[in-house]
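Quick look at run-v1.txt (compact mmCIF, C-alpha atoms):
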```txt
# COMPACT_ATOMS: atom_id res chain seq x y z
CA MET A 1 0.00 0.00 0.00
CA PRO A 2 1.68 3.26 -0.99
CA ALA A 3 1.86 5.89 1.72
CA ASP A 4 -0.57 8.15 -0.14
CA TYR A 5 -3.36 5.62 0.17
CA THR A 6 -3.72 6.16 3.90
CA SER A 7 -2.77 9.82 4.01
CA PRO A 8 -5.47 11.80 5.84
CA THR A 9 -4.49 14.97 3.95
CA LEU A 10 -5.17 13.37 0.59
CA LEU A 11 -8.38 11.84 1.86
CA LEU A 12 -9.61 15.18 3.11
CA THR A 13 -8.66 16.80 -0.19
CA THR A 14 -10.68 14.30 -2.17
CA ALA A 15 -13.61 14.60 0.23
CA GLN A 16 -14.21 18.19 -0.84
CA LYS A 17 -17.36 18.76 -2.81
CA ILE A 18 -17.60 19.83 -6.43
CA PRO A 19 -20.69 20.66 -8.50
CA THR A 20 -21.75 17.65 -10.57
CA THR A 21 -24.52 17.18 -13.11
CA LEU A 22 -25.79 13.62 -13.26
CA SER A 23 -26.72 12.46 -16.74
CA LEU A 24 -27.78 8.93 -15.84
CA THR A 25 -29.45 8.14 -12.54
CA HIS A 26 -30.99 5.35 -10.54
CA PRO A 27 -33.39 5.43 -7.57
CA SER A 28 -30.77 3.98 -5.24
CA LEU A 29 -28.90 7.26 -5.51
CA SER A 30 -31.70 9.03 -3.63
CA PRO A 31 -29.73 9.47 -0.40
CA LEU A 32 -27.50 11.84 -2.34
CA ASN A 33 -30.44 13.90 -3.46
CA ALA A 34 -32.22 14.48 -0.14
CA ASN A 35 -34.03 11.14 -0.44
CA THR A 36 -35.85 11.82 -3.68
CA PRO A 37 -34.97 9.80 -6.78
CA PRO A 38 -32.79 12.04 -8.93
CA VAL A 39 -33.73 12.75 -12.56
CA PRO A 40 -31.13 13.00 -15.33
CA GLY A 41 -29.74 16.51 -15.28
CA THR A 42 -29.88 16.94 -11.51
CA LYS A 43 -27.15 19.17 -10.18
CA LEU A 44 -25.55 18.02 -6.95
CA ASP A 45 -22.47 18.77 -4.89
CA LEU A 46 -20.69 15.47 -4.71
CA PRO A 47 -17.36 14.66 -3.08
CA LEU A 48 -14.44 14.70 -5.47
CA TRP A 49 -13.67 10.98 -5.23
CA LEU A 50 -17.18 10.13 -6.39
CA ALA A 51 -17.61 12.91 -8.93
CA GLU A 52 -14.26 12.22 -10.58
CA MET A 53 -15.10 8.56 -11.17
CA LEU A 54 -18.58 9.31 -12.47
CA ALA A 55 -17.16 11.88 -14.86
CA VAL A 56 -14.83 9.37 -16.47
CA SER A 57 -17.14 6.34 -16.46
CA LYS A 58 -18.91 5.40 -19.67
CA PRO A 59 -20.67 2.11 -19.03
CA ALA A 60 -22.45 2.16 -22.36
CA GLY A 61 -19.22 2.21 -24.28
CA PRO A 62 -16.54 4.76 -25.26
CA GLU A 63 -18.76 6.69 -27.68
CA SER A 64 -21.57 7.30 -25.21
CA GLU A 65 -21.70 10.04 -22.65
CA ALA A 66 -20.26 9.72 -19.17
CA LEU A 67 -22.39 9.20 -16.09
CA ALA A 68 -21.91 12.78 -14.97
CA THR A 69 -20.22 16.02 -15.86
CA VAL A 70 -18.36 18.16 -13.37
CA ASP A 71 -17.84 21.89 -13.24
CA MET A 72 -15.17 23.98 -11.59
CA PRO A 73 -16.10 24.53 -7.99
CA GLN A 74 -16.74 28.04 -6.81
CA ALA A 75 -13.45 28.04 -4.93
CA LEU A 76 -11.71 28.09 -8.32
CA GLY A 77 -14.38 30.10 -10.10
CA GLY A 78 -14.22 33.41 -11.91
CA ARG A 79 -14.65 35.70 -8.89
CA VAL A 80 -11.94 34.01 -6.89
CA MET A 81 -9.60 33.94 -9.87
CA ASN A 82 -10.05 37.64 -10.49
CA ALA A 83 -9.46 38.43 -6.83
CA LEU A 84 -6.29 36.34 -6.88
CA ARG A 85 -5.02 37.98 -10.03
CA ALA A 86 -5.38 41.30 -8.27
CA GLY A 87 -3.43 40.11 -5.24
CA GLY A 88 -2.57 36.63 -4.02
CA GLY A 89 -2.88 37.56 -0.39
CA SER A 90 -6.30 39.15 -0.73
CA VAL A 91 -8.37 35.97 -0.65
CA GLU A 92 -9.03 33.83 2.41
CA LEU A 93 -8.27 30.48 0.83
CA ARG A 94 -9.42 28.65 3.93
CA GLY A 95 -12.87 30.11 3.49
CA GLN A 96 -13.01 28.89 -0.09
CA ALA A 97 -11.83 25.36 0.62
CA MET A 98 -9.87 23.82 3.46
CA GLU A 99 -7.45 22.16 1.06
CA TRP A 100 -7.53 24.74 -1.69
CA TYR A 101 -4.27 23.83 -3.42
CA GLY A 102 -5.15 20.13 -3.29
CA LEU A 103 -8.52 20.90 -4.82
CA ALA A 104 -6.88 22.99 -7.55
CA ALA A 105 -4.44 20.20 -8.39
CA SER A 106 -7.26 17.64 -8.69
CA MET A 107 -9.47 19.89 -10.79
CA LEU A 108 -6.59 20.73 -13.09
CA GLU A 109 -6.04 17.03 -13.68
CA LEU A 110 -9.60 16.88 -14.96
CA PHE A 111 -9.72 20.13 -16.89
CA GLU A 112 -6.23 21.22 -17.98
CA ASP A 113 -7.07 24.90 -17.76
CA GLU A 114 -3.79 26.79 -18.19
CA GLU A 115 -5.26 30.10 -17.02
CA VAL A 116 -6.28 28.63 -13.69
CA ALA A 117 -2.97 26.78 -13.42
CA SER A 118 -0.93 29.94 -13.80
CA VAL A 119 -3.11 31.87 -11.36
CA VAL A 120 -2.75 29.09 -8.77
CA CYS A 121 1.04 29.02 -9.15
CA ASP A 122 1.35 32.79 -8.90
CA THR A 123 -0.91 32.79 -5.87
CA PHE A 124 1.23 30.19 -4.16
CA LYS A 125 4.39 32.18 -4.75
CA THR A 126 2.90 35.48 -3.59
CA ARG A 127 1.42 33.95 -0.47
CA ALA A 128 4.61 32.08 0.32
CA LEU A 129 6.49 35.37 0.40
CA LEU A 130 3.82 36.94 2.58
CA ILE A 131 3.82 34.02 4.99
CA SER A 132 7.55 33.96 5.39
CA ASP A 133 7.53 37.71 5.86
CA ARG A 134 4.91 37.45 8.59
CA ALA A 135 6.71 34.58 10.25
CA GLN A 136 10.07 36.31 10.36
CA ASN A 137 8.71 39.62 11.53
CA THR A 138 6.02 38.59 13.95
CA LYS A 139 6.59 41.62 16.18
CA THR A 140 6.11 44.14 13.40
CA ALA A 141 3.10 42.29 12.10
CA GLN A 142 1.46 42.37 15.53
CA GLN A 143 2.16 46.06 15.93
CA GLN A 144 0.58 46.81 12.61
CA GLY A 145 -2.69 45.54 13.94
CA GLY A 146 -5.26 42.92 13.03
CA ASP A 147 -4.32 42.78 9.36
CA GLY A 148 -1.64 40.19 10.03
CA SER A 149 -3.93 37.75 11.79
CA ASP A 150 -6.59 38.06 9.09
CA PHE A 151 -4.19 36.84 6.49
CA MET A 152 -2.74 34.11 8.68
CA GLY A 153 -6.24 33.00 9.67
CA GLY A 154 -7.13 32.55 6.01
CA LEU A 155 -4.35 30.10 5.17
CA ASP A 156 -5.41 26.77 3.81
CA GLU A 157 -4.20 23.45 5.18
CA THR A 158 -1.17 23.09 2.91
CA GLU A 159 0.08 26.47 4.01
CA ARG A 160 -0.37 25.57 7.64
CA ALA A 161 1.40 22.23 7.44
CA ARG A 162 4.70 21.71 9.23
CA ASN A 163 6.46 20.81 5.99
CA TYR A 164 5.29 23.92 4.20
CA PRO A 165 7.94 25.29 1.83
CA LEU A 166 9.18 28.82 2.19
CA PRO A 167 11.08 30.82 -0.37
CA LEU A 168 14.72 31.37 0.37
CA ILE A 169 15.38 34.95 1.44
CA PRO A 170 19.18 35.20 1.62
CA SER A 171 19.32 38.28 3.82
CA SER A 172 17.27 36.68 6.58
CA LEU A 173 18.46 33.11 6.28
CA ARG A 174 19.09 31.47 9.61
CA ILE A 175 20.63 28.07 10.05
CA THR A 176 18.40 25.87 12.18
CA THR A 177 19.08 22.37 13.32
CA SER A 178 16.66 20.86 10.85
CA ARG A 179 16.59 21.71 7.20
CA HIS A 180 13.69 20.94 4.95
CA PHE A 181 13.77 20.58 1.27
CA ILE A 182 11.23 22.97 -0.03
CA GLN A 183 9.22 22.64 -3.15
CA ILE A 184 7.43 25.30 -5.11
CA PRO A 185 4.64 23.62 -7.01
CA THR A 186 4.51 24.15 -10.73
CA ILE A 187 1.31 22.98 -12.28
CA TYR A 188 1.53 22.67 -16.01
CA ALA A 189 -1.02 21.12 -18.35
CA GLY A 190 -2.64 19.21 -15.50
CA ARG A 191 0.51 17.49 -14.30
CA SER A 192 2.21 18.92 -11.29
CA TYR A 193 5.92 18.71 -10.74
CA PHE A 194 8.08 20.42 -8.21
CA ARG A 195 11.40 22.16 -8.01
CA ALA A 196 13.39 21.94 -4.81
CA LEU A 197 14.63 24.85 -2.71
CA LEU A 198 16.21 24.93 0.70
CA VAL A 199 14.34 26.84 3.37
CA PRO A 200 13.84 26.63 7.14
CA HIS A 201 10.26 26.51 8.37
CA PRO A 202 9.17 29.69 10.18
CA CYS A 203 7.40 27.99 13.08
CA GLU A 204 10.65 26.60 14.39
CA TYR A 205 12.42 29.83 15.07
CA SER A 206 9.78 32.49 15.10
CA GLY A 207 7.85 30.75 17.86
CA SER A 208 4.71 31.72 16.04
CA ASN A 209 1.62 29.71 16.94
CA GLU A 210 -0.08 30.60 13.72
CA CYS A 211 1.37 27.71 11.74
CA GLY A 212 0.66 24.02 12.19
CA MET B 1 -30.13 1.16 3.83
CA SER B 2 -27.16 2.97 2.37
CA GLN B 3 -26.38 6.14 4.22
CA ARG B 4 -24.95 9.30 2.83
CA PHE B 5 -22.06 7.58 1.08
CA ALA B 6 -18.96 7.67 3.26
CA GLU B 7 -19.91 10.56 5.52
CA LEU B 8 -18.89 8.40 8.48
CA GLY B 9 -15.59 7.62 6.81
CA ASN B 10 -15.04 11.35 6.56
CA LYS B 11 -15.55 11.68 10.29
CA LEU B 12 -12.83 9.11 10.90
CA ILE B 13 -10.46 10.94 8.58
CA ARG B 14 -10.99 14.25 10.34
CA ASP B 15 -10.22 12.51 13.62
CA ALA B 16 -7.09 11.00 12.08
CA LYS B 17 -5.92 14.37 10.84
CA ARG B 18 -6.53 15.85 14.28
CA THR B 19 -4.60 13.01 15.89
CA GLN B 20 -1.56 13.86 13.81
CA ASN B 21 -1.40 17.26 15.45
CA LEU B 22 -2.18 16.24 19.02
CA PRO B 23 0.44 15.20 21.57
CA ASP B 24 -1.83 12.49 23.02
CA LEU B 25 -3.84 9.81 21.30
CA PRO B 26 -7.56 10.62 21.45
CA SER B 27 -9.95 7.83 22.36
CA TYR B 28 -10.75 5.10 19.86
CA GLN B 29 -13.94 5.84 17.99
CA SER B 30 -15.37 2.35 18.15
CA GLU B 31 -18.93 3.52 17.48
CA THR B 32 -17.99 5.31 14.27
CA VAL B 33 -15.81 2.42 13.15
CA ARG B 34 -18.61 -0.04 13.73
CA ALA B 35 -21.09 2.18 11.92
CA THR B 36 -18.73 2.47 8.95
CA VAL B 37 -18.34 -1.29 8.75
CA ARG B 38 -22.11 -1.60 8.94
CA GLU B 39 -22.42 0.87 6.07
CA VAL B 40 -20.05 -1.23 3.98
CA ARG B 41 -22.17 -4.31 4.64
CA ASP B 42 -25.34 -2.44 3.71
CA LEU B 43 -23.76 -1.24 0.48
CA ASP B 44 -22.67 -4.77 -0.31
CA ARG B 45 -26.17 -6.05 0.29
CA GLU B 46 -27.58 -3.42 -2.06
CA LEU B 47 -25.07 -4.39 -4.69
CA GLU B 48 -26.14 -8.04 -4.43
CA HIS B 49 -29.75 -6.89 -4.69
CA LEU B 50 -28.95 -4.98 -7.89
CA LYS B 51 -27.03 -7.89 -9.36
CA ALA B 52 -29.59 -10.56 -8.50
CA PRO B 53 -31.95 -10.21 -11.51
CA PHE B 54 -29.10 -10.71 -13.97
CA ALA B 55 -27.77 -13.99 -12.52
CA GLY B 56 -24.15 -13.44 -13.49
CA SER B 57 -24.46 -11.99 -16.98
CA PHE B 58 -24.68 -8.27 -16.54
CA ASP B 59 -23.94 -6.07 -19.53
CA PRO B 60 -23.25 -2.49 -18.47
CA SER B 61 -23.94 -1.03 -21.91
CA SER B 62 -27.51 -2.32 -21.94
CA GLU B 63 -28.34 -1.09 -18.44
CA PRO B 64 -26.23 1.98 -17.84
CA ALA B 65 -28.42 3.31 -15.02
CA ILE B 66 -27.98 0.13 -12.97
CA ALA B 67 -24.29 0.17 -13.80
CA CYS B 68 -24.18 3.70 -12.41
CA ALA B 69 -25.80 2.62 -9.16
CA MET B 70 -23.42 -0.33 -8.86
CA LEU B 71 -20.44 1.89 -9.50
CA VAL B 72 -21.49 4.36 -6.82
CA ASN B 73 -21.98 1.54 -4.32
CA HIS B 74 -18.65 -0.01 -5.16
CA LEU B 75 -16.80 3.30 -4.93
CA SER B 76 -18.38 4.06 -1.57
CA MET B 77 -17.31 0.69 -0.23
CA ARG B 78 -13.75 1.26 -1.40
CA ARG B 79 -13.80 4.75 0.06
CA ASN B 80 -15.00 3.49 3.42
CA LYS B 81 -12.32 0.83 3.41
CA ARG B 82 -9.69 3.43 2.64
CA CYS B 83 -10.93 5.69 5.44
CA LEU B 84 -10.90 2.83 7.95
CA LEU B 85 -7.40 1.80 6.94
CA ALA B 86 -6.13 5.38 7.14
CA TYR B 87 -7.64 5.90 10.60
CA HIS B 88 -6.12 2.72 11.97
CA ARG B 89 -2.80 3.39 10.32
CA VAL B 90 -2.45 6.86 11.80
CA ARG B 91 -3.22 5.46 15.24
CA SER B 92 -0.91 2.47 14.99
CA ASP B 93 1.91 4.66 13.64
CA ARG B 94 1.46 6.91 16.63
CA LEU B 95 1.48 3.94 19.03
CA GLU B 96 4.68 2.61 17.49
CA GLU B 97 6.26 6.03 17.79
CA MET B 98 5.33 6.11 21.46
CA CYS B 99 6.86 2.66 21.98
CA TRP B 100 10.11 3.83 20.46
CA LYS B 101 10.13 6.89 22.68
CA GLY B 102 9.79 4.63 25.70
CA VAL B 103 6.41 5.95 26.81
CA ASP B 104 4.75 3.42 29.06
CA ILE B 105 1.46 3.30 27.19
CA LEU B 106 -0.26 0.37 28.81
CA ASN B 107 0.52 1.27 32.41
CA SER B 108 -0.55 4.87 32.05
CA GLU B 109 -3.76 3.69 30.38
CA GLN B 110 -4.45 1.24 33.20
CA GLY B 111 -3.66 3.90 35.74
CA ALA B 112 -6.24 6.18 34.20
CA ASP B 113 -8.62 3.25 34.06
CA GLY B 114 -8.26 2.55 37.78
CA ARG B 115 -9.13 6.07 38.78
CA GLY B 116 -11.74 6.50 36.10
CA ARG B 117 -13.61 3.30 36.62
CA GLY B 118 -14.40 4.14 40.21
CA GLU B 119 -16.03 7.39 39.13
CA ASN B 120 -17.61 6.10 35.97
CA GLU B 121 -19.05 2.84 37.15
CA ALA B 122 -22.52 4.22 37.02
CA GLN B 123 -22.00 5.37 33.43
CA GLY B 124 -20.12 2.26 32.35
CA GLY B 125 -17.16 2.23 29.95
CA SER B 126 -13.47 2.72 30.64
CA LYS B 127 -11.43 5.86 30.14
CA SER B 128 -8.75 4.15 28.11
CA SER B 129 -8.13 5.79 24.76
CA LEU B 130 -7.03 2.51 23.17
CA SER B 131 -9.25 -0.23 21.87
CA PRO B 132 -8.56 -3.74 23.19
CA GLU B 133 -7.03 -4.69 19.85
CA GLU B 134 -4.71 -1.71 20.03
CA GLU B 135 -3.64 -2.65 23.54
CA GLU B 136 -2.79 -6.14 22.32
CA TYR B 137 -0.90 -4.61 19.40
CA VAL B 138 1.12 -2.40 21.74
CA ARG B 139 1.90 -5.33 24.01
CA GLN B 140 3.21 -7.44 21.18
CA TYR B 141 5.08 -4.54 19.61
CA GLU B 142 6.81 -3.75 22.89
CA ASP B 143 7.85 -7.39 23.21
CA LEU B 144 9.23 -7.26 19.68
CA LEU B 145 11.09 -4.06 20.46
CA ALA B 146 12.55 -5.46 23.67
CA ALA B 147 13.77 -8.54 21.81
CA TYR B 148 15.37 -6.31 19.19
CA LYS B 149 17.03 -4.05 21.73
CA GLY B 150 18.24 -7.04 23.69
CA GLN B 151 20.71 -7.91 20.97
CA TRP B 152 22.83 -4.85 21.73
CA THR B 153 23.14 -4.28 25.43
CA ASP B 154 25.67 -1.46 25.11
CA ILE B 155 23.35 0.83 23.20
CA ASP B 156 19.87 1.88 24.20
CA LEU B 157 18.10 2.03 20.86
CA THR B 158 15.13 3.85 22.29
CA GLY B 159 17.19 6.46 24.07
CA SER B 160 17.43 10.10 23.20
CA LEU B 161 19.13 11.01 19.93
CA GLU B 162 20.40 14.33 21.27
CA PRO B 163 23.89 14.29 22.75
CA PRO B 164 23.90 15.60 26.33
CA LYS B 165 25.22 19.12 26.78
CA ASP B 166 26.34 18.65 30.35
CA LEU B 167 26.83 15.85 32.82
CA PHE B 168 24.31 17.23 35.31
CA ILE B 169 20.87 18.64 34.62
CA ASP B 170 18.25 20.57 36.52
CA VAL B 171 15.02 18.71 36.99
CA ARG B 172 11.72 19.43 38.66
CA VAL B 173 9.60 16.67 40.15
CA LEU B 174 6.10 16.39 38.71
CA LYS B 175 4.71 13.52 40.74
CA ASN B 176 5.58 12.02 44.08
CA ALA B 177 7.81 9.07 43.40
CA GLY B 178 9.34 8.21 46.74
CA GLU B 179 13.08 7.78 47.10
CA ILE B 180 15.57 7.00 44.38
CA GLN B 181 19.17 5.93 44.83
CA THR B 182 21.96 7.71 42.99
CA GLU B 183 25.67 7.32 43.53
CA TYR B 184 25.58 10.59 45.43
CA GLY B 185 23.04 9.26 47.91
CA ALA B 186 19.29 8.90 48.07
CA ILE B 187 17.04 11.67 46.79
CA ASN B 188 13.51 12.05 48.02
CA LEU B 189 11.19 12.96 45.16
CA THR B 190 8.38 15.15 46.41
CA LYS B 191 6.23 17.13 44.06
CA ASN B 192 7.58 20.47 42.82
CA SER B 193 11.04 20.10 44.29
CA GLN B 194 14.04 20.73 42.07
CA PHE B 195 17.28 18.82 41.89
CA TYR B 196 20.62 19.06 40.14
CA VAL B 197 21.39 15.48 39.23
CA ARG B 198 23.33 13.33 36.84
CA GLN B 199 21.61 12.91 33.51
CA GLY B 200 22.16 9.18 33.24
CA ASP B 201 20.36 8.50 36.53
CA VAL B 202 17.22 10.40 35.73
CA ASP B 203 16.77 9.73 32.00
CA ARG B 204 14.33 6.91 32.65
CA LEU B 205 12.30 8.97 35.08
CA ILE B 206 12.05 11.85 32.64
CA GLN B 207 10.78 9.49 29.95
CA GLN B 208 8.18 8.08 32.27
CA GLY B 209 7.03 11.56 33.15
CA TYR B 210 8.00 11.77 36.82
CA LEU B 211 10.54 14.51 36.24
CA GLN B 212 10.71 17.47 33.95
CA ARG B 213 13.92 18.92 32.58
CA LEU B 214 14.55 22.60 33.03
CA GLY B 215 16.51 24.92 30.85
CA TRP B 216 17.51 23.22 27.64
CA THR B 217 14.26 23.04 25.66
```
Could you express the structure from this file as structure tokens?
Amino acid sequence: MPADYTSPTLLLTTAQKIPTTLSLTHPSLSPLNANTPPVPGTKLDLPLWLAEMLAVSKPAGPESEALATVDMPQALGGRVMNALRAGGGSVELRGQAMEWYGLAASMLELFEDEEVASVVCDTFKTRALLISDRAQNTKTAQQQGGDGSDFMGGLDETERARNYPLPLIPSSLRITTSRHFIQIPTIYAGRSYFRALLVPHPCEYSGSNECG
Amino acid sequence: MSQRFAELGNKLIRDAKRTQNLPDLPSYQSETVRATVREVRDLDRELEHLKAPFAGSFDPSSEPAIACAMLVNHLSMRRNKRCLLAYHRVRSDRLEEMCWKGVDILNSEQGADGRGRGENEAQGGSKSSLSPEEEEYVRQYEDLLAAYKGQWTDIDLTGSLEPPKDLFIDVRVLKNAGEIQTEYGAINLTKNSQFYVRQGDVDRLIQQGYLQRLGWT
């Protein structure tokens, strides 16, 4: 069993809901539709693991239509994208989806939307800089008032994780006892691959309780 | 009847994720686990019910709607299985980690049990956060570990990986533990007293939680 199979992070990512339109239905699917038998064309919010499989299943043969079609969830929709283009730190990703980056990666595997991919990557980079800035200057951030905690409160789960990558800022580099290999995600044409950078995690030396 | 397709599994996963960030193991969710297993059985029964009219020769292209229902059932069963495995894996990984750190899991559980059972007898149920299977697992794992360590008596494989900074350390007593013998004489451990003692003597007591180091952390 590969380690990913039992990873709670991945399981939570795939448990997030996305809007699905069922094209073929059956009465036994009623529990999904508030206990009424769904008709073809019903729109539901199904968890990703279910919606993904329905979208790629064609029981009647390769030429027929799939069991369902999925749309981009609102967390990756037009409004959010525009807000992120304006400024990566302006959106509370946690409010959109707990595992926003995980959701984006899964949706991009289904859709291959280069626009969305580039916005997600740019957002990650911008926010990474902001997070490391906050973490290294916690005193200044606190003095500047509530703005700091709003941003930190809106981080999604990947940004809060202990192994979160930070960009290398040579002027403020401190050698800590543990070094993590950091990866900046690059999502291209639906396949994500990572480049490695070397960065210490802020929570270890800033003493900030905002991470992890 | 099939429930809301792996909602219970989700609950287990959230608990697993929480466990990863907690210092202690939360209690075993036997109710949720049992309900999830029940859901899997219900889904299986529904699947059999859907398959029954076809007596072995089911052609998905002729009955795509039934194929859809079967697929959803099957996926939910797999999802539930995955959630159960993940939950148990996170817990057993944590238990193994605690064994390697030398934490006395079973005795501290039974200690809590002893005090708890007296108070909770009316309500029933023990306060232990491990299921009986987990306790058995820990017991056998500790035996395995002891057998492994026994091969090298010079090295304590479960000891601390940090080299000591000084021969003596400051410690504070957390619980009353009576008297201990050191080569410098007997020390009486009463709660909240502090001592300056040799590290080697008190390592075990720190691991068991009777003493707390001061200064280095």
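With distances taken over all atoms listed in the file, A:Ala161 is the one residue among A:Ala161, A:Leu103, A:Leu44, A:Leu76 lying closest to chain B.
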Return the neighbours of chain B among the residues of chain A, cut-off 9 Å, counting all atoms listed in the file, as an mmCIF file with C-alpha atoms, in the coordinates of the input.
```cif
data_model
loop_
_atom_site.group_PDB
_atom_site.id
_atom_site.type_symbol
_atom_site.label_atom_id
_atom_site.label_comp_id
_atom_site.auth_asym_id
_atom_site.auth_seq_id
_atom_site.Cartn_x
_atom_site.Cartn_y
_atom_site.Cartn_z
ATOM 1 C CA TYR A 5 -3.360 5.620 0.170
ATOM 2 C CA THR A 6 -3.720 6.160 3.900
ATOM 3 C CA SER A 7 -2.770 9.820 4.010
ATOM 4 C CA PRO A 8 -5.470 11.800 5.840
ATOM 5 C CA THR A 9 -4.490 14.970 3.950
ATOM 6 C CA LEU A 11 -8.380 11.840 1.860
ATOM 7 C CA LEU A 12 -9.610 15.180 3.110
ATOM 8 C CA ALA A 15 -13.610 14.600 0.230
ATOM 9 C CA LEU A 24 -27.780 8.930 -15.840
ATOM 10 C CA THR A 25 -29.450 8.140 -12.540
ATOM 11 C CA HIS A 26 -30.990 5.350 -10.540
ATOM 12 C CA PRO A 27 -33.390 5.430 -7.570
ATOM 13 C CA SER A 28 -30.770 3.980 -5.240
ATOM 14 C CA LEU A 29 -28.900 7.260 -5.510
ATOM 15 C CA PRO A 31 -29.730 9.470 -0.400
ATOM 16 C CA LEU A 32 -27.500 11.840 -2.340
ATOM 17 C CA TRP A 49 -13.670 10.980 -5.230
ATOM 18 C CA LEU A 50 -17.180 10.130 -6.390
ATOM 19 C CA MET A 53 -15.100 8.560 -11.170
ATOM 20 C CA LEU A 54 -18.580 9.310 -12.470
ATOM 21 C CA SER A 57 -17.140 6.340 -16.460
ATOM 22 C CA LYS A 58 -18.910 5.400 -19.670
ATOM 23 C CA PRO A 59 -20.670 2.110 -19.030
ATOM 24 C CA ALA A 60 -22.450 2.160 -22.360
ATOM 25 C CA GLY A 61 -19.220 2.210 -24.280
ATOM 26 C CA LEU A 67 -22.390 9.200 -16.090
ATOM 27 C CA GLY A 212 0.660 24.020 12.190
#
```
Name the residues in contact with Thr182 of chain B at a cut-off of 9 Å, using only C-alpha atoms, excluding same-chain residues fewer than 3 positions from it; report them as a PDB file with C-alpha atoms, in the coordinates of the input.
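Once everything was written out, this is around06.pdb:
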```
ATOM      1  CA  GLY B 185      23.040   9.260  47.910  1.00  0.00           C
ATOM      2  CA  ALA B 186      19.290   8.900  48.070  1.00  0.00           C
ATOM      3  CA  ILE B 187      17.040  11.670  46.790  1.00  0.00           C
ATOM      4  CA  VAL B 197      21.390  15.480  39.230  1.00  0.00           C
ATOM      5  CA  ARG B 198      23.330  13.330  36.840  1.00  0.00           C
ATOM      6  CA  ASP B 201      20.360   8.500  36.530  1.00  0.00           C
TER       7      ASP B 201
END
```
Practice prompt. Tell me, in Å to one decimal, how far atom CA of Trp100 of chain B is from atom CA of Ser30 of chain B.
Written response: 25.6 Å
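Separating atom CA of Ser27 of chain B from atom CA of Met98 of chain B is a distance of 15.4 Å.
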Discussion item. Can you measure atom CA of Glu134 of chain B to atom CA of Asp203 of chain B for me? One decimal in Å is fine.
Written reply: 27.1 Å
Response to the item:
With distances taken over only C-alpha atoms, the candidate from B:Ile180, B:Ile206, B:Leu95, B:Leu47 nearest Pro26 of chain B is B:Leu95
Discussion item. So that I can see what lies close to Tyr137 of chain B, please list as a PyMOL selection string the residues with an atom at most 12 Å from it, counting only C-alpha atoms and leaving out residues fewer than 6 positions away in the same chain.
Written reply: chain B and resi 88+91-93+95-96+99+105-106+130-131+143-144
Worksheet entry | Local residues around (9.8, 18.5, 45.1), at most 12 Å away, using all atoms listed in the file, as a count of residues only | 22
Discussion item. Show me the residues around (-3.6, 23.5, 5.6) - criterion: an atom at most 10 Å away, only C-alpha atoms counted - as a ChimeraX atom specification.
Written reply: /A:9,93-94,97-102,154-162,164,211-212
Practice prompt. Fewer than 5 positions away in the same chain doesn't count, so skip those; otherwise give me all residues within 9 Å of Thr21 of chain A, counting only C-alpha atoms, as number ranges by chain.
Written response: A: 40-45, 67-71
Item to complete: Point out the residue among B:Val40, B:Met77, B:Val33, B:Val138 with the least atom-to-atom distance to Val103 of chain B, counting all atoms listed in the file.
Response: B:Val138
Worksheet item: Taking into account all atoms listed in the file, which residue in the set A:Val91, A:Ala51, A:Leu84, A:Met107 is nearest to Val119 of chain A?
Response: A:Leu84
Could you add whatever atoms are missing so that segment 30-39 of chain A carries N, CA and C atoms, then write the result as a PDB file, in the frame of the given file?
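Final output, result-v4.pdb:
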```
ATOM      1  N   SER A  30     -30.888   8.015  -4.321  1.00  0.00           N
ATOM      2  CA  SER A  30     -31.700   9.030  -3.630  1.00  0.00           C
ATOM      3  C   SER A  30     -31.055   9.622  -2.384  1.00  0.00           C
ATOM      4  N   PRO A  31     -30.328   8.828  -1.582  1.00  0.00           N
ATOM      5  CA  PRO A  31     -29.730   9.470  -0.400  1.00  0.00           C
ATOM      6  C   PRO A  31     -28.863  10.661  -0.751  1.00  0.00           C
ATOM      7  N   LEU A  32     -28.320  10.701  -1.963  1.00  0.00           N
ATOM      8  CA  LEU A  32     -27.500  11.840  -2.340  1.00  0.00           C
ATOM      9  C   LEU A  32     -28.346  13.062  -2.629  1.00  0.00           C
ATOM     10  N   ASN A  33     -29.615  12.814  -2.967  1.00  0.00           N
ATOM     11  CA  ASN A  33     -30.440  13.900  -3.460  1.00  0.00           C
ATOM     12  C   ASN A  33     -31.569  14.204  -2.485  1.00  0.00           C
ATOM     13  N   ALA A  34     -31.232  14.223  -1.186  1.00  0.00           N
ATOM     14  CA  ALA A  34     -32.220  14.480  -0.140  1.00  0.00           C
ATOM     15  C   ALA A  34     -33.383  13.496  -0.240  1.00  0.00           C
ATOM     16  N   ASN A  35     -33.047  12.221  -0.476  1.00  0.00           N
ATOM     17  CA  ASN A  35     -34.030  11.140  -0.440  1.00  0.00           C
ATOM     18  C   ASN A  35     -35.128  11.197  -1.479  1.00  0.00           C
ATOM     19  N   THR A  36     -34.910  11.940  -2.557  1.00  0.00           N
ATOM     20  CA  THR A  36     -35.850  11.820  -3.680  1.00  0.00           C
ATOM     21  C   THR A  36     -35.085  11.239  -4.853  1.00  0.00           C
ATOM     22  N   PRO A  37     -35.709  10.381  -5.648  1.00  0.00           N
ATOM     23  CA  PRO A  37     -34.970   9.800  -6.780  1.00  0.00           C
ATOM     24  C   PRO A  37     -34.533  10.895  -7.739  1.00  0.00           C
ATOM     25  N   PRO A  38     -33.260  10.955  -8.074  1.00  0.00           N
ATOM     26  CA  PRO A  38     -32.790  12.040  -8.930  1.00  0.00           C
ATOM     27  C   PRO A  38     -33.140  11.800 -10.400  1.00  0.00           C
ATOM     28  N   VAL A  39     -33.468  12.853 -11.114  1.00  0.00           N
ATOM     29  CA  VAL A  39     -33.730  12.750 -12.560  1.00  0.00           C
ATOM     30  C   VAL A  39     -32.453  13.098 -13.300  1.00  0.00           C
TER      31      VAL A  39
END
```
